[in-house]
Structures are given as structure tokens and as C-alpha cells.
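Encoded as C-alpha cells, the structure appears first; notes follow it.
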Amino acid sequence: MNAIILFDSHSSGGATDRIIDTIGQELAKRDIYVEKGKVLPNADYSFLDEFDLILLGSPIYNLRLSENLAGAIIQSNLLAKLDGKQIALFVICGGPELSADLLYLPQLQIPLLNKNIIAKKAFGMSCKNDPESAVSFAEEIYEKAAK
Ligand SMILES: Cc1cc2nc3c(=O)[nH]c(=O)nc-3n(C[C@H](O)[C@H](O)[C@H](O)COP(=O)(O)O)c2cc1C
């Protein structure tokens with residue numbers, strides 16, 4: 001199985017990098033080939049044809065997904081290329097998980113309502129710096145993914 005983590009972040013070496021590295025390592029331990037790449041608003045996402053499992057996420061800035069991820073959803077062929085894929089969604093934020101579940105994750109879930117979302121997670125203030133939370137999310141994705 002091939003997976004790709006498509007993400008955005010304004011920083012390097014922050015929570016996003018740590019979380020996606022942990023998720024990638026955990027999936028790789030389970031014999032999943034994992035790549036990662038940053039989302040751009042006007043990219044051609046035809047390369048997703050090569051992947052079975054797509055992980056998609058970004059930090060929250062000023063109550064919203066990063067502009068690159070939000071832009072890709074609106075402007076590019078990203079949504080079309082997610083058809084038939086297994087998808088895991090995540091957001092990373094500084095606030096509590098409850099508000100992230102209500103305010104932030106839906107910004108990803110709603111545009112992807114007709115897609116096959118197998119797992120989703122908000123990494124908020126109580127878990128974004130706990131490596132175990134990323135390990136658990138990777139385990140959940142692995143268990144739910146059709147191999
Ligand atoms: C300019 C800016 C705006 C932010 N706005 C929000 C916000 O509206 N809600 C929230 O929960 N967290 C907010 N955050 C917190 C970030 O989502 C959080 O720090 C996240 O870990 C950043 O990703 P990084 O650690 O990979 O840099 C904001 C952070 C920055 C720098």
C-alpha cells in the first residue's frame with residue numbers, strides 16, 4: 001500500500017512536522033510506503049493516482065485551515081483526485097480539541113463529504129505535543145485502511 005501525507009505549515013520544526021514525521025514512521029513500520037509533500041493551491045494533483053491512502057491536514061491560523069490547503073481544495077483538481085481513495089484528515093491547533101472538532105475539522109470534512117474518510121483527528125492544546133497521540137492516530141489509520 002502507498003500513502004502520502006499532504007500538509008501545509010508556516011513553520012518548520014513545529015508540531016506539524018513532528019506529527020507528520022511520527023505518523024509516517026508508524027505507517028512505514030507497518031510496511032506502508034509513505035511519502036510526504038506540501039500542498040500548493042494551484043498544483044496538479046494527478047500524482048495522487050499512485051497512492052491508495054491520502055492523509056491531508058494543516059495547522060489552523062486565525063480560525064482557518066492554512067491558505068494553501070484551503071486554496072487547493074477550492075482551486076485545484078485535489079478534490080477530484082481524492083475520489084476512490086482512503087482518506088485521513090487532521091488539523092493542528094493551539095486551542096482545545098473540542099472546539100477544534102466543532103470549528104476546524106469541519107473545514108476539511110465538509111468539502112470531502114462524499115469521499116471515503118477513514119479517520120480524522122484534531123491535535124489541539126492537550127495532545128499536539130504528545131507523541132503518543134500521533135502514534136495512536138497512525139494505528140487507527142492502519143487498522144481502518146483496507147489493505
Ligand atoms: C498566526 C497564528 C494564528 C493562529 N490561529 C489559531 C487559531 O485561530 N486557533 C487555534 O486553535 N490555534 C491557532 N494558532 C495556533 C497554531 O495552529 C498552532 O500553534 C500550530 O501548532 C502551528 O503549527 P506548527 O506548530 O507546525 O507551526 C495560530 C498560530 C499562529 C502562528
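The way I read the labels, and the way they are meant: chains A, B, ... in the order of the C-alpha cells, residue 1 as the first residue of every chain, and ligand 1 as the first ligand shown, with later ones counted on from there.
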Residues of chain A that have any atom at most 9 Å from an atom of ligand 1: could you tabulate them with the shortest-distance atom pair and the distance in Å to one decimal, using only C-alpha atoms and all ligand atoms, ordered by chain and increasing number, as a tab-separated table?
```
residue	atom	partner	partner_atom_place_in_ligand_line	distance
A:Asp8	CA	ligand 1	26 (O)	8.4
A:Ser9	CA	ligand 1	26 (O)	5.4
A:His10	CA	ligand 1	27 (O)	5.9
A:Ser11	CA	ligand 1	27 (O)	4.5
A:Ser12	CA	ligand 1	26 (O)	6.6
A:Gly13	CA	ligand 1	26 (O)	6.9
A:Gly14	CA	ligand 1	25 (O)	3.8
A:Ala15	CA	ligand 1	25 (O)	3.7
A:Thr16	CA	ligand 1	26 (O)	3.6
A:Asp17	CA	ligand 1	26 (O)	5.9
A:Arg18	CA	ligand 1	26 (O)	7.8
A:Ile19	CA	ligand 1	26 (O)	8.5
A:Ser58	CA	ligand 1	23 (O)	7.6
A:Pro59	CA	ligand 1	17 (O)	4.5
A:Ile60	CA	ligand 1	17 (O)	4.0
A:Tyr61	CA	ligand 1	5 (N)	3.6
A:Asn62	CA	ligand 1	8 (O)	3.5
A:Leu63	CA	ligand 1	8 (O)	3.5
A:Arg64	CA	ligand 1	8 (O)	6.5
A:Leu65	CA	ligand 1	17 (O)	8.7
A:Val91	CA	ligand 1	17 (O)	8.1
A:Ile92	CA	ligand 1	20 (C)	5.4
A:Cys93	CA	ligand 1	17 (O)	3.3
A:Gly94	CA	ligand 1	12 (N)	3.8
A:Gly95	CA	ligand 1	11 (O)	3.7
A:Pro96	CA	ligand 1	11 (O)	6.9
A:Glu97	CA	ligand 1	11 (O)	8.5
A:Ser99	CA	ligand 1	11 (O)	7.9
A:Ala100	CA	ligand 1	11 (O)	6.7
A:Tyr104	CA	ligand 1	11 (O)	8.3
A:Phe123	CA	ligand 1	21 (O)	8.3
A:Gly124	CA	ligand 1	11 (O)	6.9
A:Met125	CA	ligand 1	11 (O)	7.8
A:Lys128	CA	ligand 1	21 (O)	7.1
A:Asn129	CA	ligand 1	21 (O)	8.6
```
For C-alpha atoms, I'd like the residues from the last selection saved as a PDB file, in the first residue's frame.
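Result file follows (part.pdb):
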```
ATOM      1  CA  ASP A   8       0.970  22.663   4.957  1.00  0.00           C
ATOM      2  CA  SER A   9       2.594  24.684   7.704  1.00  0.00           C
ATOM      3  CA  HIS A  10       4.041  28.155   8.053  1.00  0.00           C
ATOM      4  CA  SER A  11       6.830  26.838  10.243  1.00  0.00           C
ATOM      5  CA  SER A  12       9.449  24.149  10.056  1.00  0.00           C
ATOM      6  CA  GLY A  13      10.317  22.028  13.056  1.00  0.00           C
ATOM      7  CA  GLY A  14       6.986  22.757  14.756  1.00  0.00           C
ATOM      8  CA  ALA A  15       4.154  20.499  15.855  1.00  0.00           C
ATOM      9  CA  THR A  16       3.084  19.781  12.272  1.00  0.00           C
ATOM     10  CA  ASP A  17       6.490  18.446  11.285  1.00  0.00           C
ATOM     11  CA  ARG A  18       6.715  16.334  14.431  1.00  0.00           C
ATOM     12  CA  ILE A  19       3.224  14.898  13.987  1.00  0.00           C
ATOM     13  CA  SER A  58      -2.658  21.645   8.227  1.00  0.00           C
ATOM     14  CA  PRO A  59      -2.417  23.885  11.244  1.00  0.00           C
ATOM     15  CA  ILE A  60      -5.129  26.409  11.966  1.00  0.00           C
ATOM     16  CA  TYR A  61      -4.283  30.055  11.531  1.00  0.00           C
ATOM     17  CA  ASN A  62      -6.794  32.726  12.555  1.00  0.00           C
ATOM     18  CA  LEU A  63      -9.648  30.183  12.793  1.00  0.00           C
ATOM     19  CA  ARG A  64      -8.978  28.708   9.352  1.00  0.00           C
ATOM     20  CA  LEU A  65      -7.066  25.984   7.567  1.00  0.00           C
ATOM     21  CA  VAL A  91      -5.805  19.640  11.899  1.00  0.00           C
ATOM     22  CA  ILE A  92      -3.272  21.039  14.344  1.00  0.00           C
ATOM     23  CA  CYS A  93      -4.142  23.985  16.537  1.00  0.00           C
ATOM     24  CA  GLY A  94      -3.407  25.790  19.768  1.00  0.00           C
ATOM     25  CA  GLY A  95      -6.907  25.625  21.212  1.00  0.00           C
ATOM     26  CA  PRO A  96      -8.826  22.820  22.897  1.00  0.00           C
ATOM     27  CA  GLU A  97      -9.699  19.661  20.946  1.00  0.00           C
ATOM     28  CA  SER A  99     -13.518  23.492  19.679  1.00  0.00           C
ATOM     29  CA  ALA A 100     -11.215  22.063  17.022  1.00  0.00           C
ATOM     30  CA  TYR A 104     -11.789  23.380  12.440  1.00  0.00           C
ATOM     31  CA  PHE A 123      -4.371  17.747  17.515  1.00  0.00           C
ATOM     32  CA  GLY A 124      -5.104  20.574  19.927  1.00  0.00           C
ATOM     33  CA  MET A 125      -3.531  22.013  23.031  1.00  0.00           C
ATOM     34  CA  LYS A 128      -0.309  18.134  19.819  1.00  0.00           C
ATOM     35  CA  ASN A 129       2.952  17.864  21.760  1.00  0.00           C
TER      36      ASN A 129
END
```
Looking at only C-alpha atoms, which of A:Gly24, A:Gly84, A:Pro106, A:Gly57 is the one that sits closest to Lys38 in chain A?
->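 Looking at the shortest contact to Lys38 in chain A, the residue is A:Gly57.
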Which polymer residues have any atom within 12 Å of an atom of Ala43 in chain A, counting only C-alpha atoms, with same-chain residues fewer than 4 positions away left out, as a PyMOL selection string?
-> chain A and resi 6+37-39+47-48+68-69+71-79+81
Would you mind exporting C-alpha atoms of the selected residues as a CSV table (one decimal), in the first residue's frame?
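What ended up in part-v1.csv:
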```
chain,number,residue,atom,x,y,z
A,6,LEU,CA,-0.2,16.2,2.1
A,37,GLY,CA,4.5,16.7,0.4
A,38,LYS,CA,3.4,20.2,0.9
A,39,VAL,CA,0.1,21.3,-0.6
A,47,PHE,CA,0.2,12.2,-9.0
A,48,LEU,CA,-2.3,11.1,-6.3
A,68,ASN,CA,-2.5,26.7,0.7
A,69,LEU,CA,-4.7,23.8,1.8
A,71,GLY,CA,-6.8,27.1,-1.8
A,72,ALA,CA,-6.0,23.7,-3.1
A,73,ILE,CA,-9.5,22.5,-2.1
A,74,ILE,CA,-11.2,25.3,-4.0
A,75,GLN,CA,-8.9,25.9,-7.0
A,76,SER,CA,-7.2,22.7,-8.0
A,77,ASN,CA,-8.1,19.1,-9.0
A,78,LEU,CA,-7.3,17.9,-5.5
A,79,LEU,CA,-10.9,17.0,-4.6
A,81,LYS,CA,-8.3,13.2,-7.3
```
Could you pull out the helix (DSSP H, G or I) residues of range 26-133 of chain A from DSSP and send them as a VMD selection string?
-> chain A and resid 26 to 29 45 to 50 67 to 75 78 to 81 97 to 112 131 to 133
Pick out the residues sitting within 10 Å of Ala145 in chain A, and hand them over as a ChimeraX atom specification; count only C-alpha atoms, and ignore anything fewer than 3 positions along from it in its own chain.
-> /A:1,52-53,86-88,117-119,139-142
Quote the spacing between CA of Glu67 in chain A and CA of Leu82 in chain A in Å to one decimal place.
->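 Interatomic distance, CA of Glu67 in chain A to CA of Leu82 in chain A: 19.1 Å.
You will find CA of Ala134 in chain A at 6.2 Å from CA of Thr22 in chain A.
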Hey, what does DSSP flag as strand (DSSP E) within range 7-135 of chain A? Can you give it to me as a ChimeraX atom specification?
-> /A:7,33-38,53-61,64-65,86-92,116-123
One-decimal distance in Å that lies between CA of Lys115 in chain A and CA of Leu102 in chain A =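 These two atoms are separated by 19.4 Å.
With only C-alpha atoms as the atoms that count, the minimum distance from Asp49 in chain A to the choices A:Lys120, A:Lys85, A:Lys29, A:Lys147 is reached by A:Lys85.
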Looking at only C-alpha atoms, which of A:Glu143, A:Phe51, A:Ala122, A:Val135 is the one that sits closest to Glu26 in chain A?
->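 Selected residue with least distance to Glu26 in chain A: A:Val135.
Proximity to Val34 in chain A at 9 Å, evaluated using only C-alpha atoms and with sequence-adjacent residues fewer than 5 positions away removed, yields Met1, Asn2, Ala3, Ile4, Ile5, Gly24, Gln25, Leu27 and Ala28 of chain A.
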File of the preceding selection, C-alpha atoms, as a compact mmCIF listing (two decimals), in the first residue's frame:
```txt
# COMPACT_ATOMS: atom_id res chain seq x y z
CA MET A 1 0.00 0.00 0.00
CA ASN A 2 1.22 3.52 -0.86
CA ALA A 3 0.39 6.53 1.30
CA ILE A 4 1.12 10.24 1.06
CA ILE A 5 0.84 12.90 3.73
CA GLY A 24 4.87 8.49 8.65
CA GLN A 25 7.28 6.43 10.71
CA LEU A 27 2.87 3.63 8.97
CA ALA A 28 6.26 2.75 7.47
```
Counting only C-alpha atoms, the option among A:Ser66, A:Leu89, A:Leu103, A:Leu98 closest to Phe137 in chain A =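 Result for the nearest residue to Phe137 in chain A: A:Leu89.
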